[in-house]
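Undergrad: Sharing a structure below in structure tokens format, with a few things to ask.
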Amino acid sequence: MRTIYADNAATTRMSQTAIQAMLPYMDQIYGNPSSLHSVGQAAMEALTDARNRVAKALGAANAREITFTSGGSEADNQAIRSAALWGKRKGKTHIISTAFEHHAVLHTLKKLEKEGFTVSYLDVHENGLVTPEQVEAAITPETCLVTIMYANNEIGTIQPIREIGAVCRKAGVLFHTDAVQAVGHIPVNVQEDNIDLLSLSAHKFHGPKGVGVLYAKRGVILSNLIEGGAQERGKRAGTENLPGIMGMTAALEEAVAELPETMPKMAALRDRLIAGLAEIPHGAVNGDLEHRLPGNVSFCFEGIEGESLLLLLDDKGVCASSGSACTSGSLDPSHVLLAIGRPHEVAHGSLRLTLDRDTTEEDVDYIIRAVKDVVEQLRNMSPVWRDLMAGKRQFVIE
Ligand SMILES: *Cc1c(COP(=O)(O)O)cnc(C)c1O
């Protein structure tokens, strides 16, 4: 039986380009970039080259604006902490975010609330979008930071980041975006998008795990989470993960260069998959269909449990997710689906399928058949479904 991997929002397979780009930095150019001798300096040269290339791929003005981190979570933590500290020094302790951010953002904000900050969580509309007007209305003289994700990891909706950035800039408020699901999947340009702080993670665009970037616009002062040596201009101690950084840089350039080809191709497959799954009765797609990542398909099906759906799909060779990889294993429904107004009983029946540039039409058609079969099978065994069909319970999704 073949395996169809449709969980690319959780992580991706590394590209051959990225793997090949890493290899020399494990056995040939293995020096410590901080060493003064030639072996170390060769590593430092590669690091400088990577920083320049990442800056270019993001549309940053200067390579000094790029800080390498251990991934998206660390970049989110550092971005938000830095902005909060900057705000506190100026007597500004109000932060604006949304209810459907990644936990790396939400849990950092929760901690800051315990430390005396106030956070406004904007309501996300049913279509999975927030508006620049909502942001503008929430800004007060005490606001130091707005942090809103570029694209949602569960339902794939893409926020009006450029317009939100413009609102923040006008108000003199720092703007951070968790762009982990966006970079390498849609065009992102930190200058054109009015972004002050941006987080990305290599393993979401076919790069290695455990490496990411925090972009901080010139003039935005970072405070460090990790104390130690003077790496990354003293803002992130620890010997640089050079193989990871070189792999990430290659994967980023590859993904960005291929966007004109991959975006329409993936969007067409996404729409084919959505159309196929929409034939299942009492199911509904989550999130806006237009402002949506090219590879994201998210559904709720009434009368079933997402977890059972995943296990049976896995038996058929389809790797999917019920939402966020971070919440799986817990019985709580996804905070993202609750944020867009799905009731608990419906949010439990969620399915996320995330495609990549290698997904084929045959894969999509196989997935459609598998999901149809499994949903029917589960509903036939479900007491909730029986009650719904008998009219003892009301359908939420018509
Ligand atoms: C995966 C993800 C993260 C975390 O990135 P890691 O590199 O795994 O720490 C943060 N935000 C979003 C939106 C993600 O999808």
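In the structure tokens, chains take letters A, B, ... by order of appearance, with residues numbered from 1 within each chain and ligands from 1 in the order shown.
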Give me, as a ChimeraX atom specification, the residues of range 124-314 of chain A that a backbone DSSP run labels alpha helix (DSSP H).
TA: /A:132-138,161-171,242-277,306-314
Undergrad: Just list the residues in range 288-363 of chain A DSSP gives strand (DSSP E) on the backbone, as a list in words.
TA: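 Answer for range 288-363 of chain A, restricted to strand (DSSP E): Asn296, Val297, Ser298, Phe299, Cys300, Phe301, Val318, Cys319, Ser350, Leu351, Arg352, Leu353 and Thr354 of chain A.
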Undergrad: I need the residue nearest ligand 1 from this list: A:Ala43, A:Val105, A:Ala79, A:Ala61. Use only C-alpha atoms and all ligand atoms for the distance.
TA: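 Nearest to ligand 1: A:Val105.
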Undergrad: Neighbouring residues of ligand 1 are defined here as those with any atom at most 10 Å from a ligand atom, counting only C-alpha atoms and all ligand atoms; list them as a ChimeraX atom specification.
TA: /A:8-11,69-77,100-105,149-154,156,177-182,199-204,208-213,324-326
